[in-house]
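The file query.cif comes next; it holds mmCIF, C-alpha atoms.
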data_data
#
loop_
_atom_site.label_atom_id
_atom_site.label_comp_id
_atom_site.auth_asym_id
_atom_site.auth_seq_id
_atom_site.Cartn_x
_atom_site.Cartn_y
_atom_site.Cartn_z
CA MET A 54 -3.64 -17.12 -32.23
CA THR A 55 -5.80 -17.55 -29.14
CA VAL A 56 -6.12 -21.03 -27.74
CA PRO A 57 -9.64 -21.91 -26.51
CA GLY A 58 -9.77 -21.50 -22.76
CA SER A 59 -6.62 -19.37 -22.65
CA LEU A 60 -8.54 -16.44 -21.16
CA ASN A 61 -9.34 -18.56 -18.13
CA VAL A 62 -5.70 -19.56 -17.79
CA ASP A 63 -4.64 -15.91 -18.06
CA ALA A 64 -7.12 -14.99 -15.36
CA TRP A 65 -5.66 -17.59 -12.99
CA VAL A 66 -2.14 -16.44 -13.81
CA GLU A 67 -3.12 -12.87 -12.96
CA ARG A 68 -4.95 -13.97 -9.85
CA PHE A 69 -2.09 -15.90 -8.28
CA GLY A 70 0.90 -14.40 -10.11
CA GLY A 71 1.28 -11.12 -8.27
CA PRO A 72 2.41 -10.42 -4.72
CA GLY A 73 -1.19 -10.84 -3.55
CA GLY A 74 -1.35 -14.33 -5.03
CA PRO A 75 0.13 -16.29 -2.09
CA GLU A 76 -2.35 -14.75 0.32
CA ARG A 77 -5.21 -15.73 -2.01
CA TYR A 78 -3.89 -19.28 -2.32
CA ARG A 79 -3.50 -19.50 1.44
CA ARG A 80 -7.11 -18.38 1.90
CA TYR A 81 -8.17 -20.93 -0.70
CA THR A 82 -6.35 -23.69 1.22
CA LEU A 83 -7.85 -22.59 4.53
CA SER A 84 -11.30 -22.56 2.92
CA SER A 85 -10.71 -26.12 1.69
CA ILE A 86 -9.75 -27.20 5.21
CA THR A 87 -12.88 -25.58 6.62
CA PHE A 88 -14.96 -27.30 3.95
CA LEU A 89 -13.55 -30.69 4.99
CA ALA A 90 -14.58 -30.03 8.58
CA LEU A 91 -18.09 -29.02 7.44
CA PHE A 92 -18.26 -32.11 5.26
CA GLU A 93 -17.38 -34.25 8.29
CA ALA A 94 -20.14 -32.51 10.27
CA GLY A 95 -22.61 -33.35 7.50
CA LEU A 96 -21.60 -37.02 7.54
CA TRP A 97 -22.05 -37.25 11.30
CA ALA A 98 -25.45 -35.61 11.01
CA PHE A 99 -26.42 -38.20 8.39
CA TRP A 100 -25.18 -41.06 10.61
CA LEU A 101 -27.15 -39.75 13.58
CA ALA A 102 -30.29 -39.39 11.47
CA THR A 103 -30.12 -43.00 10.26
CA SER A 104 -28.96 -44.71 13.48
CA ASP A 105 -31.13 -46.60 15.97
CA ALA A 106 -28.73 -46.38 18.90
CA GLY A 107 -31.19 -44.55 21.16
CA GLY A 108 -31.59 -40.94 22.22
CA ARG A 109 -29.08 -40.85 25.07
CA TRP A 110 -26.36 -42.61 23.08
CA LEU A 111 -27.03 -40.53 20.00
CA ALA A 112 -26.66 -37.37 22.10
CA LEU A 113 -23.28 -38.60 23.31
CA VAL A 114 -22.16 -39.41 19.75
CA ALA A 115 -23.41 -35.97 18.64
CA ALA A 116 -21.46 -34.21 21.40
CA LEU A 117 -18.22 -36.07 20.65
CA GLY A 118 -18.75 -35.64 16.91
CA ALA A 119 -19.24 -31.88 17.31
CA ALA A 120 -16.05 -31.67 19.39
CA HIS A 121 -14.19 -33.74 16.79
CA VAL A 122 -15.31 -31.42 13.97
CA ALA A 123 -14.42 -28.27 15.91
CA VAL A 124 -10.95 -29.50 16.91
CA HIS A 125 -10.44 -30.80 13.34
CA ALA A 126 -10.98 -27.29 11.94
CA LEU A 127 -8.83 -25.59 14.60
CA LEU A 128 -6.00 -28.09 14.36
CA ALA A 129 -5.90 -28.06 10.56
CA ARG A 130 -5.58 -24.27 10.46
CA ALA A 131 -2.99 -24.27 13.26
CA ALA A 132 -1.09 -27.05 11.48
CA LEU A 133 -0.94 -25.02 8.27
CA ARG A 134 0.38 -21.97 10.10
CA HIS A 135 3.01 -24.16 11.78
CA TYR A 136 3.97 -25.76 8.47
CA LEU A 137 4.52 -22.29 6.99
CA GLY A 138 6.66 -21.26 9.95
CA ALA A 139 4.16 -18.75 11.33
CA ALA A 140 3.25 -20.56 14.58
CA PRO A 141 4.65 -23.19 16.99
CA ARG A 142 3.74 -26.84 16.60
CA PRO A 143 0.20 -27.38 17.98
CA ASP A 144 1.04 -30.40 20.16
CA PRO A 145 -1.83 -29.81 22.68
CA LEU A 146 -4.39 -29.75 19.87
CA VAL A 147 -2.90 -32.93 18.36
CA GLY A 148 -3.21 -34.66 21.74
CA LEU A 149 -6.78 -33.43 22.23
CA TYR A 150 -7.76 -34.45 18.70
CA THR A 151 -6.30 -37.93 19.18
CA ALA A 152 -8.04 -38.33 22.53
CA ILE A 153 -11.44 -37.35 21.09
CA THR A 154 -10.91 -39.72 18.15
CA LEU A 155 -10.07 -42.66 20.42
CA ALA A 156 -13.04 -41.77 22.67
CA MET A 157 -15.35 -41.94 19.65
CA VAL A 158 -13.75 -45.24 18.61
CA GLY A 159 -14.38 -46.64 22.09
CA LEU A 160 -17.97 -45.38 22.08
CA GLY A 161 -18.72 -46.94 18.68
CA CYS A 162 -17.21 -50.29 19.68
CA ALA A 163 -19.21 -50.23 22.95
CA LEU A 164 -22.42 -49.56 21.02
CA LEU A 165 -21.68 -52.54 18.76
CA ALA A 166 -20.79 -54.84 21.66
CA ASP A 167 -24.01 -53.83 23.47
CA GLY A 168 -26.07 -54.55 20.36
CA ARG A 169 -27.31 -50.98 19.96
CA ILE A 170 -25.89 -50.59 16.43
CA ALA A 171 -25.21 -53.08 13.64
CA GLY A 172 -21.88 -53.88 12.01
CA ASN A 173 -22.77 -51.80 8.93
CA ASP A 174 -23.36 -48.75 11.15
CA LEU A 175 -19.98 -49.15 12.85
CA GLU A 176 -18.35 -49.68 9.46
CA SER A 177 -19.24 -46.19 8.19
CA TYR A 178 -18.71 -44.71 11.66
CA LEU A 179 -15.11 -45.90 11.90
CA LEU A 180 -14.28 -45.31 8.27
CA TRP A 181 -15.29 -41.64 8.40
CA LEU A 182 -13.55 -41.19 11.76
CA LEU A 183 -10.21 -42.55 10.53
CA MET A 184 -10.43 -40.74 7.21
CA PHE A 185 -10.88 -37.30 8.77
CA TYR A 186 -8.47 -37.95 11.64
CA ALA A 187 -5.57 -38.51 9.24
CA ASP A 188 -5.56 -34.93 7.87
CA PRO A 189 -4.32 -32.51 10.57
CA PRO A 190 -1.62 -34.64 12.31
CA ALA A 191 0.05 -35.26 8.94
CA LEU A 192 0.59 -31.50 8.56
CA ALA A 193 1.13 -30.61 12.22
CA LEU A 194 3.78 -33.22 13.01
CA ALA A 195 7.07 -34.13 11.45
CA PRO A 196 6.75 -36.85 8.76
CA ARG A 197 8.23 -39.58 10.98
CA ALA A 198 5.94 -38.74 13.90
CA SER A 199 2.82 -38.62 11.75
CA VAL A 200 3.74 -41.90 10.05
CA VAL A 201 3.81 -43.50 13.50
CA LEU A 202 0.79 -41.81 15.08
CA VAL A 203 -1.80 -42.03 12.30
CA PRO A 204 -1.30 -45.74 11.52
CA ALA A 205 -1.18 -46.50 15.26
CA VAL A 206 -4.63 -44.94 15.75
CA ALA A 207 -5.92 -46.92 12.75
CA VAL A 208 -4.51 -50.20 14.14
CA VAL A 209 -6.01 -49.53 17.58
CA THR A 210 -9.35 -48.74 15.94
CA ILE A 211 -9.45 -51.92 13.86
CA ALA A 212 -8.31 -54.04 16.84
CA GLY A 213 -11.00 -52.51 19.07
CA ALA A 214 -13.67 -53.12 16.44
CA THR A 215 -12.57 -56.75 16.12
CA VAL A 216 -12.76 -57.26 19.90
CA ALA A 217 -16.19 -55.59 19.94
CA GLY A 218 -17.48 -58.15 17.44
CA LEU A 219 -17.06 -56.53 14.05
CA SER A 220 -16.28 -59.22 11.50
CA GLY A 221 -16.82 -60.32 7.95
CA ARG A 222 -17.42 -57.83 5.18
CA PRO A 223 -17.67 -54.69 7.42
CA LEU A 224 -14.30 -55.43 9.06
CA VAL A 225 -12.64 -56.11 5.71
CA LEU A 226 -14.02 -52.84 4.31
CA VAL A 227 -12.83 -50.82 7.30
CA ALA A 228 -9.34 -52.35 7.16
CA GLY A 229 -9.06 -52.17 3.36
CA ALA A 230 -10.41 -48.64 3.05
CA SER A 231 -8.13 -47.50 5.87
CA LEU A 232 -5.12 -48.70 3.92
CA LEU A 233 -6.18 -46.50 1.00
CA LEU A 234 -8.10 -43.50 2.38
CA VAL A 235 -6.02 -42.75 5.49
CA PRO A 236 -2.72 -42.29 3.57
CA PHE A 237 -4.56 -40.48 0.77
CA MET A 238 -6.13 -37.91 3.12
CA ALA A 239 -2.86 -37.42 4.99
CA VAL A 240 -0.85 -36.86 1.81
CA THR A 241 -3.53 -34.57 0.34
CA LEU A 242 -3.44 -32.06 3.19
CA ARG A 243 0.35 -32.12 3.39
CA ALA A 244 0.52 -31.53 -0.36
CA SER A 245 -1.82 -28.54 0.02
CA GLY A 246 0.44 -27.06 2.69
CA GLY A 247 3.44 -27.74 0.47
CA GLY A 248 1.74 -25.90 -2.39
CA VAL A 249 1.20 -22.80 -0.26
CA HIS A 250 4.80 -22.95 0.95
CA LEU A 251 6.11 -23.36 -2.59
CA ILE A 252 4.15 -20.39 -3.94
CA GLU A 253 5.33 -18.16 -1.10
CA ARG A 254 8.94 -19.16 -1.72
CA LEU A 255 8.57 -18.55 -5.45
CA VAL A 256 7.15 -15.06 -4.90
CA ALA A 257 9.90 -14.32 -2.35
CA ALA A 258 12.47 -15.42 -4.93
CA ARG A 259 10.80 -13.23 -7.54
CA GLU A 260 10.93 -10.19 -5.26
CA THR A 261 14.59 -10.91 -4.48
CA GLN A 262 15.28 -11.14 -8.20
CA ALA A 263 13.57 -7.80 -8.76
CA ARG A 264 15.57 -6.16 -5.95
CA LEU A 265 18.76 -7.54 -7.44
CA ALA A 266 17.70 -6.19 -10.84
CA VAL A 267 17.17 -2.73 -9.32
CA ALA A 268 20.58 -2.87 -7.64
CA GLU A 269 22.22 -4.09 -10.84
CA GLU A 270 20.60 -1.30 -12.84
CA ARG A 271 21.79 1.28 -10.34
CA LEU A 272 25.33 -0.11 -10.53
CA ARG A 273 25.20 -0.07 -14.33
CA PHE A 274 23.91 3.48 -14.35
CA GLY A 275 26.59 4.63 -11.90
CA ARG A 276 29.32 2.79 -13.82
CA ASP A 277 28.23 4.28 -17.15
CA LEU A 278 28.10 7.80 -15.71
CA HIS A 279 31.54 7.30 -14.20
CA ASP A 280 32.94 6.07 -17.51
CA VAL A 281 31.42 8.95 -19.47
CA LEU A 282 31.90 11.87 -17.09
CA GLY A 283 35.11 10.67 -15.45
CA ARG A 284 37.06 10.51 -18.71
CA ASN A 285 35.58 13.62 -20.29
CA LEU A 286 35.82 15.78 -17.18
CA ALA A 287 39.47 14.82 -16.80
CA VAL A 288 40.12 15.93 -20.39
CA VAL A 289 38.13 19.15 -19.86
CA ALA A 290 40.17 19.93 -16.73
CA LEU A 291 43.48 19.41 -18.53
CA LYS A 292 42.50 21.42 -21.60
CA SER A 293 41.04 24.23 -19.51
CA GLU A 294 44.28 24.44 -17.52
CA LEU A 295 46.29 24.47 -20.77
CA ALA A 296 44.03 27.16 -22.25
CA ALA A 297 44.47 29.31 -19.13
CA GLN A 298 48.26 29.03 -19.36
CA LEU A 299 48.21 29.87 -23.09
CA ALA A 300 45.90 32.84 -22.47
CA ARG A 301 48.30 34.25 -19.86
CA ARG A 302 51.07 34.12 -22.46
CA GLY A 303 48.85 35.72 -25.08
CA ARG A 304 48.96 32.67 -27.32
CA GLU A 305 46.20 32.18 -29.91
CA GLU A 306 46.18 28.42 -29.28
CA ALA A 307 44.11 29.14 -26.13
CA VAL A 308 41.04 29.66 -28.38
CA GLU A 309 41.57 26.26 -30.01
CA GLN A 310 41.81 24.57 -26.62
CA MET A 311 38.58 26.19 -25.40
CA GLU A 312 36.81 25.16 -28.60
CA GLU A 313 38.00 21.62 -27.89
CA VAL A 314 36.57 21.92 -24.34
CA GLN A 315 33.26 23.04 -25.85
CA ARG A 316 33.25 20.06 -28.22
CA ILE A 317 33.95 17.61 -25.39
CA ALA A 318 31.17 19.16 -23.27
CA ARG A 319 28.63 18.69 -26.08
CA GLU A 320 29.82 15.13 -26.65
CA SER A 321 29.39 14.45 -22.94
CA GLN A 322 25.81 15.73 -23.11
CA ARG A 323 25.04 13.31 -25.93
CA GLU A 324 26.62 10.40 -24.08
CA ILE A 325 24.73 11.20 -20.87
CA ARG A 326 21.46 11.30 -22.81
CA ALA A 327 22.29 7.86 -24.23
CA VAL A 328 22.99 6.52 -20.75
CA VAL A 329 19.75 7.95 -19.37
CA ARG A 330 17.81 6.65 -22.36
CA GLY A 331 19.04 3.14 -21.58
CA TYR A 332 18.13 3.60 -17.92
CA ARG A 333 14.60 4.59 -18.87
CA THR A 334 13.84 1.19 -20.44
CA ALA A 335 13.56 -0.57 -17.08
CA ASP A 336 11.44 -3.67 -16.62
CA LEU A 337 7.85 -3.00 -15.48
CA HIS A 338 8.05 -5.51 -12.63
CA THR A 339 11.25 -3.84 -11.41
CA GLU A 340 9.53 -0.45 -11.49
CA LEU A 341 6.61 -1.82 -9.46
CA VAL A 342 8.92 -3.28 -6.84
CA GLY A 343 10.81 0.01 -6.66
CA ALA A 344 7.55 1.95 -6.27
CA ARG A 345 6.46 -0.27 -3.40
CA SER A 346 9.83 0.15 -1.70
CA VAL A 347 9.68 3.95 -1.97
CA LEU A 348 6.04 4.23 -0.86
CA GLU A 349 6.45 1.90 2.10
CA ALA A 350 9.54 3.85 3.15
CA ALA A 351 7.26 6.93 3.20
CA GLY A 352 4.78 5.11 5.48
CA ILE A 353 2.26 4.29 2.72
CA ASP A 354 1.01 0.71 2.57
CA CYS A 355 1.37 -0.52 -1.00
CA ARG A 356 -0.35 -3.51 -2.64
CA ILE A 357 0.69 -4.67 -6.11
CA GLU A 358 -0.78 -7.19 -8.54
CA ASP A 359 1.35 -7.66 -11.63
CA GLY A 360 0.58 -11.17 -12.86
CA PRO A 361 0.77 -10.47 -16.63
CA ALA A 362 3.58 -7.88 -16.50
CA ALA A 363 6.28 -10.28 -17.67
CA ARG A 364 4.22 -11.29 -20.73
CA LEU A 365 3.92 -7.75 -22.12
CA PRO A 366 6.14 -6.48 -24.96
CA THR A 367 9.20 -4.47 -23.97
CA GLU A 368 7.86 -1.15 -25.30
CA VAL A 369 4.58 -1.60 -23.40
CA GLN A 370 6.45 -2.44 -20.20
CA SER A 371 8.67 0.60 -20.63
CA ALA A 372 5.71 2.96 -21.14
CA LEU A 373 3.80 1.55 -18.19
CA GLY A 374 6.98 1.73 -16.13
CA TRP A 375 7.01 5.48 -16.77
CA VAL A 376 3.42 5.66 -15.56
CA VAL A 377 4.44 3.89 -12.36
CA ARG A 378 7.34 6.32 -11.83
CA GLU A 379 5.26 9.44 -12.41
CA GLY A 380 2.32 8.10 -10.41
CA THR A 381 4.59 7.27 -7.47
CA THR A 382 6.14 10.74 -7.63
CA ASN A 383 2.67 12.32 -7.59
CA VAL A 384 1.64 10.24 -4.57
CA LEU A 385 4.71 11.37 -2.65
CA ARG A 386 4.37 15.06 -3.67
CA HIS A 387 0.65 15.69 -3.80
CA ALA A 388 -1.23 12.90 -1.93
CA SER A 389 -0.92 14.41 1.53
CA GLY A 390 -2.19 12.05 4.18
CA ALA A 391 -2.19 9.00 1.90
CA SER A 392 -1.99 5.75 3.86
CA HIS A 393 -2.71 3.16 1.16
CA CYS A 394 -1.86 2.71 -2.51
CA GLU A 395 -2.83 -0.07 -4.91
CA LEU A 396 -1.26 -0.84 -8.28
CA SER A 397 -2.61 -3.53 -10.57
CA VAL A 398 -1.79 -4.70 -14.08
CA ARG A 399 -4.43 -6.47 -16.16
CA ALA A 400 -3.88 -7.85 -19.64
CA THR A 401 -5.60 -10.43 -21.81
CA PRO A 402 -5.00 -11.23 -25.49
CA ALA A 403 -8.48 -9.90 -26.27
CA GLY A 404 -8.02 -6.49 -24.66
CA PRO A 405 -5.49 -3.75 -23.85
CA ALA A 406 -2.87 -3.84 -21.12
CA VAL A 407 -4.27 -1.72 -18.29
CA LEU A 408 -2.40 -0.31 -15.30
CA VAL A 409 -4.49 1.15 -12.48
CA MET A 410 -2.97 3.10 -9.60
CA GLU A 411 -5.13 4.24 -6.69
CA ASN A 412 -4.34 6.09 -3.47
CA ASP A 413 -6.48 7.47 -0.67
CA GLY A 414 -4.74 10.85 -0.34
CA ALA A 415 -6.66 12.89 -2.93
CA GLY A 416 -8.47 14.95 -0.29
CA ALA A 417 -10.78 17.76 -1.32
CA GLY A 418 -8.22 20.01 -2.99
CA PRO A 419 -7.62 20.46 -6.71
CA ALA A 420 -5.92 17.77 -8.75
CA ALA A 421 -2.17 17.98 -9.02
CA GLY A 422 -0.95 19.94 -12.02
CA GLY A 423 2.41 20.05 -13.73
CA ALA A 424 3.85 18.60 -16.88
CA GLY A 425 4.16 15.02 -15.68
CA LEU A 426 0.74 13.70 -16.73
CA PRO A 427 0.67 15.49 -20.11
CA GLY A 428 4.11 14.04 -20.79
CA LEU A 429 2.81 10.58 -19.97
CA ARG A 430 -0.14 11.07 -22.32
CA GLU A 431 2.25 11.97 -25.14
CA ARG A 432 4.41 8.92 -24.40
CA LEU A 433 1.39 6.58 -24.34
CA ALA A 434 -0.06 8.16 -27.49
CA GLU A 435 3.02 6.94 -29.38
CA LEU A 436 1.74 3.39 -28.69
CA ASP A 437 -1.94 4.30 -29.29
CA GLY A 438 -2.46 4.26 -25.55
CA ALA A 439 -4.44 6.53 -23.25
CA LEU A 440 -4.19 7.97 -19.74
CA SER A 441 -7.05 9.06 -17.51
CA THR A 442 -7.45 10.35 -13.96
CA GLU A 443 -10.48 10.16 -11.71
CA ARG A 444 -11.48 11.29 -8.23
CA ARG A 445 -13.57 8.70 -6.44
CA PRO A 446 -15.58 8.81 -3.21
CA GLY A 447 -13.60 8.63 0.01
CA GLY A 448 -10.72 10.78 -1.21
CA VAL A 449 -9.48 8.15 -3.65
CA PHE A 450 -7.50 9.25 -6.69
CA ARG A 451 -7.27 6.78 -9.59
CA LEU A 452 -4.74 6.89 -12.43
CA THR A 453 -5.46 4.54 -15.35
CA ALA A 454 -3.19 3.83 -18.32
CA SER A 455 -4.13 1.50 -21.17
CA ILE A 456 -2.10 0.35 -24.17
CA PRO A 457 -3.21 -2.04 -26.93
CA TRP A 458 -0.98 -5.10 -27.33
CA GLU A 459 -0.95 -8.46 -29.06
CA ALA A 460 0.10 -11.72 -27.49
CA SER A 461 2.67 -13.84 -29.27
CA ALA A 462 1.08 -16.63 -31.32
#

If you convert what's in this file into structure tokens, what do you get?
Amino acid sequence: MTVPGSLNVDAWVERFGGPGGPERYRRYTLSSITFLALFEAGLWAFWLATSDAGGRWLALVAALGAAHVAVHALLARAALRHYLGAAPRPDPLVGLYTAITLAMVGLGCALLADGRIAGNDLESYLLWLLMFYADPPALALAPRASVVLVPAVAVVTIAGATVAGLSGRPLVLVAGASLLLVPFMAVTLRASGGGVHLIERLVAARETQARLAVAEERLRFGRDLHDVLGRNLAVVALKSELAAQLARRGREEAVEQMEEVQRIARESQREIRAVVRGYRTADLHTELVGARSVLEAAGIDCRIEDGPAARLPTEVQSALGWVVREGTTNVLRHASGASHCELSVRATPAGPAVLVMENDGAGAGPAAGGAGLPGLRERLAELDGALSTERRPGGVFRLTASIPWEASA
């Protein structure tokens, strides 16, 4: 059963669920910060267009406003990088931003005291100034420091406006709106930074979990092989030694012992096949992480998007995991000169699960042969799936596997 709108939800899950998701969300947050700065620029342009302060004073407001917008954008981006631990705290930009804000406050109050603007003009002027000022320091500074600095600037602004002659309804609106909008804007940007940080930590935890799963699977595989081969090989060694001794004495029991060795060897083959069969049902996400580790160790940059992988049925994951293994092997063996590889998994309830693997090492030679790809086609055919290969411009080789699946109701 498909819930209305679920395709859109699936698309967002795929978009932000894979290893490329945090980078997308970070770009989205940075774009939002840039939009706020552009929105502030638009408000100042509107204020300048509707003000009667005079050409020289308007030019000064325009210059300070442009500087405020520019430093706003720079500080917000620097603050986000600092919040994520990628840059030092931007104290100089915080100081510059505060100085420009207070300079604009002083200029607006002077214009009101000189009678060049009315109280209503200063009301919007100060309200916008305080609202946009609150954003970057809240993310750039520690919570205690920002809780002191931002309200202090607001108090100084309201006090200066009162001294300059702002009173009545405009003063009440500036003070009241500051109590609501300044904390709201500060918390909003800090929450956005917290969202980026949370997503990055979740993806890091997911990758750690996948690495642990790979290590656990290797330990299980090694333990099972030890249990199977260690016991049986010990028995084979003992019975072979006994058979040799009996043969030297001319005893017929030597034949029985060698037949027993033969039986144990065949039993060991069956047990090893069972162990390997269990190893071959690895999780798709684990296979993708392993592929990236191997390719990057070979000097090939690898990008993976696997948002819907965890939602696929076990048999689909297993089959696609085989595609990842064989595709990775082909890149290492045949894609000479490859520097980049991309793997992506796409799946919606209305369509098949599709895995696409591309690398830029196809060159101009013939496509790689061998039994690997035909074997994959046979494996996918058991699930009504298909496998295709394609050479694309720029020496790009694309491997595409698709398998029909149904989402759980």

- Which neighbours of His250 in chain A fall inside 12 Å, counting only C-alpha atoms, when residues of the same chain fewer than 3 positions from it are skipped, and could you give them as an NGL selection string? :A and (75-76 or 78-79 or 82 or 133-139 or 243-247 or 253-257)

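If only C-alpha atoms are the atoms counted, then among A:Gln310, A:Thr339, A:Asn383, A:Asn412 the closest residue to Arg356 in chain A is A:Asn412.
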
So which residues touch range 163-168 of chain A within 8 Å, counting all atoms listed in the file, skipping near sequence neighbours fewer than 5 positions away, as a PyMOL selection string? chain A and resi 106+175+217-219

Expected axis-aligned box over every listed atom of range 193-204 of chain A, 6 Å added per side, centre plus edges in Å to one decimal, as AutoDock Vina command-line options:
--center_x 3.2 --center_y -38.2 --center_z 11.9 --size_x 22.0 --size_y 27.1 --size_z 18.3

Could you tell me which residues the PyMOL selection byres ((chain A and resi 150) around 10) grabs in this file, written as a PDB file with C-alpha atoms, in the coordinates of the input?
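That gives us expr06.pdb:
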ATOM      1  CA  ALA A 120     -16.050 -31.670  19.390  1.00  0.00           C
ATOM      2  CA  HIS A 121     -14.190 -33.740  16.790  1.00  0.00           C
ATOM      3  CA  VAL A 122     -15.310 -31.420  13.970  1.00  0.00           C
ATOM      4  CA  ALA A 123     -14.420 -28.270  15.910  1.00  0.00           C
ATOM      5  CA  VAL A 124     -10.950 -29.500  16.910  1.00  0.00           C
ATOM      6  CA  HIS A 125     -10.440 -30.800  13.340  1.00  0.00           C
ATOM      7  CA  LEU A 127      -8.830 -25.590  14.600  1.00  0.00           C
ATOM      8  CA  LEU A 128      -6.000 -28.090  14.360  1.00  0.00           C
ATOM      9  CA  ASP A 144       1.040 -30.400  20.160  1.00  0.00           C
ATOM     10  CA  PRO A 145      -1.830 -29.810  22.680  1.00  0.00           C
ATOM     11  CA  LEU A 146      -4.390 -29.750  19.870  1.00  0.00           C
ATOM     12  CA  VAL A 147      -2.900 -32.930  18.360  1.00  0.00           C
ATOM     13  CA  GLY A 148      -3.210 -34.660  21.740  1.00  0.00           C
ATOM     14  CA  LEU A 149      -6.780 -33.430  22.230  1.00  0.00           C
ATOM     15  CA  THR A 151      -6.300 -37.930  19.180  1.00  0.00           C
ATOM     16  CA  ALA A 152      -8.040 -38.330  22.530  1.00  0.00           C
ATOM     17  CA  ILE A 153     -11.440 -37.350  21.090  1.00  0.00           C
ATOM     18  CA  THR A 154     -10.910 -39.720  18.150  1.00  0.00           C
ATOM     19  CA  LEU A 155     -10.070 -42.660  20.420  1.00  0.00           C
ATOM     20  CA  ALA A 156     -13.040 -41.770  22.670  1.00  0.00           C
ATOM     21  CA  TYR A 186      -8.470 -37.950  11.640  1.00  0.00           C
ATOM     22  CA  PRO A 189      -4.320 -32.510  10.570  1.00  0.00           C
ATOM     23  CA  PRO A 190      -1.620 -34.640  12.310  1.00  0.00           C
TER      24      PRO A 190
END

| Near-Gly380 in chain A list (10 Å; all atoms listed in the file; drop same-chain fewer than 3 positions) as a list of chain:residue names |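 Selected residues are A:Ala344, A:Gly374, A:Trp375, A:Val376, A:Val377, A:Asn383, A:Val384, A:Leu385, A:Arg386, A:Leu396, A:Val409, A:Met410, A:Glu411, A:Asn412, A:Gly425, A:Leu426, A:Leu429, A:Arg451, A:Leu452, A:Thr453.
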
Can you spit out the residues from that selection as a PDB file, in the frame of the given file, using C-alpha atoms?
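Contents of result_8.pdb, freshly written:
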ATOM      1  CA  ALA A 344       7.550   1.950  -6.270  1.00  0.00           C
ATOM      2  CA  GLY A 374       6.980   1.730 -16.130  1.00  0.00           C
ATOM      3  CA  TRP A 375       7.010   5.480 -16.770  1.00  0.00           C
ATOM      4  CA  VAL A 376       3.420   5.660 -15.560  1.00  0.00           C
ATOM      5  CA  VAL A 377       4.440   3.890 -12.360  1.00  0.00           C
ATOM      6  CA  ASN A 383       2.670  12.320  -7.590  1.00  0.00           C
ATOM      7  CA  VAL A 384       1.640  10.240  -4.570  1.00  0.00           C
ATOM      8  CA  LEU A 385       4.710  11.370  -2.650  1.00  0.00           C
ATOM      9  CA  ARG A 386       4.370  15.060  -3.670  1.00  0.00           C
ATOM     10  CA  LEU A 396      -1.260  -0.840  -8.280  1.00  0.00           C
ATOM     11  CA  VAL A 409      -4.490   1.150 -12.480  1.00  0.00           C
ATOM     12  CA  MET A 410      -2.970   3.100  -9.600  1.00  0.00           C
ATOM     13  CA  GLU A 411      -5.130   4.240  -6.690  1.00  0.00           C
ATOM     14  CA  ASN A 412      -4.340   6.090  -3.470  1.00  0.00           C
ATOM     15  CA  GLY A 425       4.160  15.020 -15.680  1.00  0.00           C
ATOM     16  CA  LEU A 426       0.740  13.700 -16.730  1.00  0.00           C
ATOM     17  CA  LEU A 429       2.810  10.580 -19.970  1.00  0.00           C
ATOM     18  CA  ARG A 451      -7.270   6.780  -9.590  1.00  0.00           C
ATOM     19  CA  LEU A 452      -4.740   6.890 -12.430  1.00  0.00           C
ATOM     20  CA  THR A 453      -5.460   4.540 -15.350  1.00  0.00           C
TER      21      THR A 453
END

Students should find that CA of Ala94 in chain A and CA of Ala187 in chain A are spaced 15.8 Å

Correct to one decimal, the distance CA of Glu358 in chain A-CA of Val249 in chain A is 17.8 Å

Answer key for the PyMOL selection byres ((chain A and resi 201-206) around 12), residues as a PyMOL selection string:
chain A and resi 147-148+150-159+179+182-200+207-213+228+231-240

Residues in the PyMOL selection byres ((chain A and resi 446) around 12), expressed as a PyMOL selection string | chain A and resi 411-417+443-445+447-451

Contacts of range 288-293 of chain A within 10 Å, all atoms listed in the file, excl. fewer than 4 positions in-chain, as number ranges by chain:
A: 282-284, 297-299, 307, 309-318

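Proximity to Arg399 in chain A was assessed for A:Trp458, A:Arg345, A:Pro427, A:Cys355 counting only C-alpha atoms; the smallest distance is recorded for A:Trp458.
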
Next item on the list: Pick out the residues sitting within 9 Å of Ile353 in chain A, and hand them over as a PyMOL selection string; count all atoms listed in the file, and ignore anything fewer than 6 positions along from it in its own chain.
Entry: chain A and resi 345+347+391-394

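Taking CA of Ala90 in chain A and CA of Ala119 in chain A as endpoints, the distance between them is 10.1 Å.
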
Under the rule that all atoms listed in the file are counted, which of A:Val342, A:Ile86, A:Val216, A:Val407 is the nearest residue to Arg264 in chain A?
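Selected residue with least distance to Arg264 in chain A: A:Val342.
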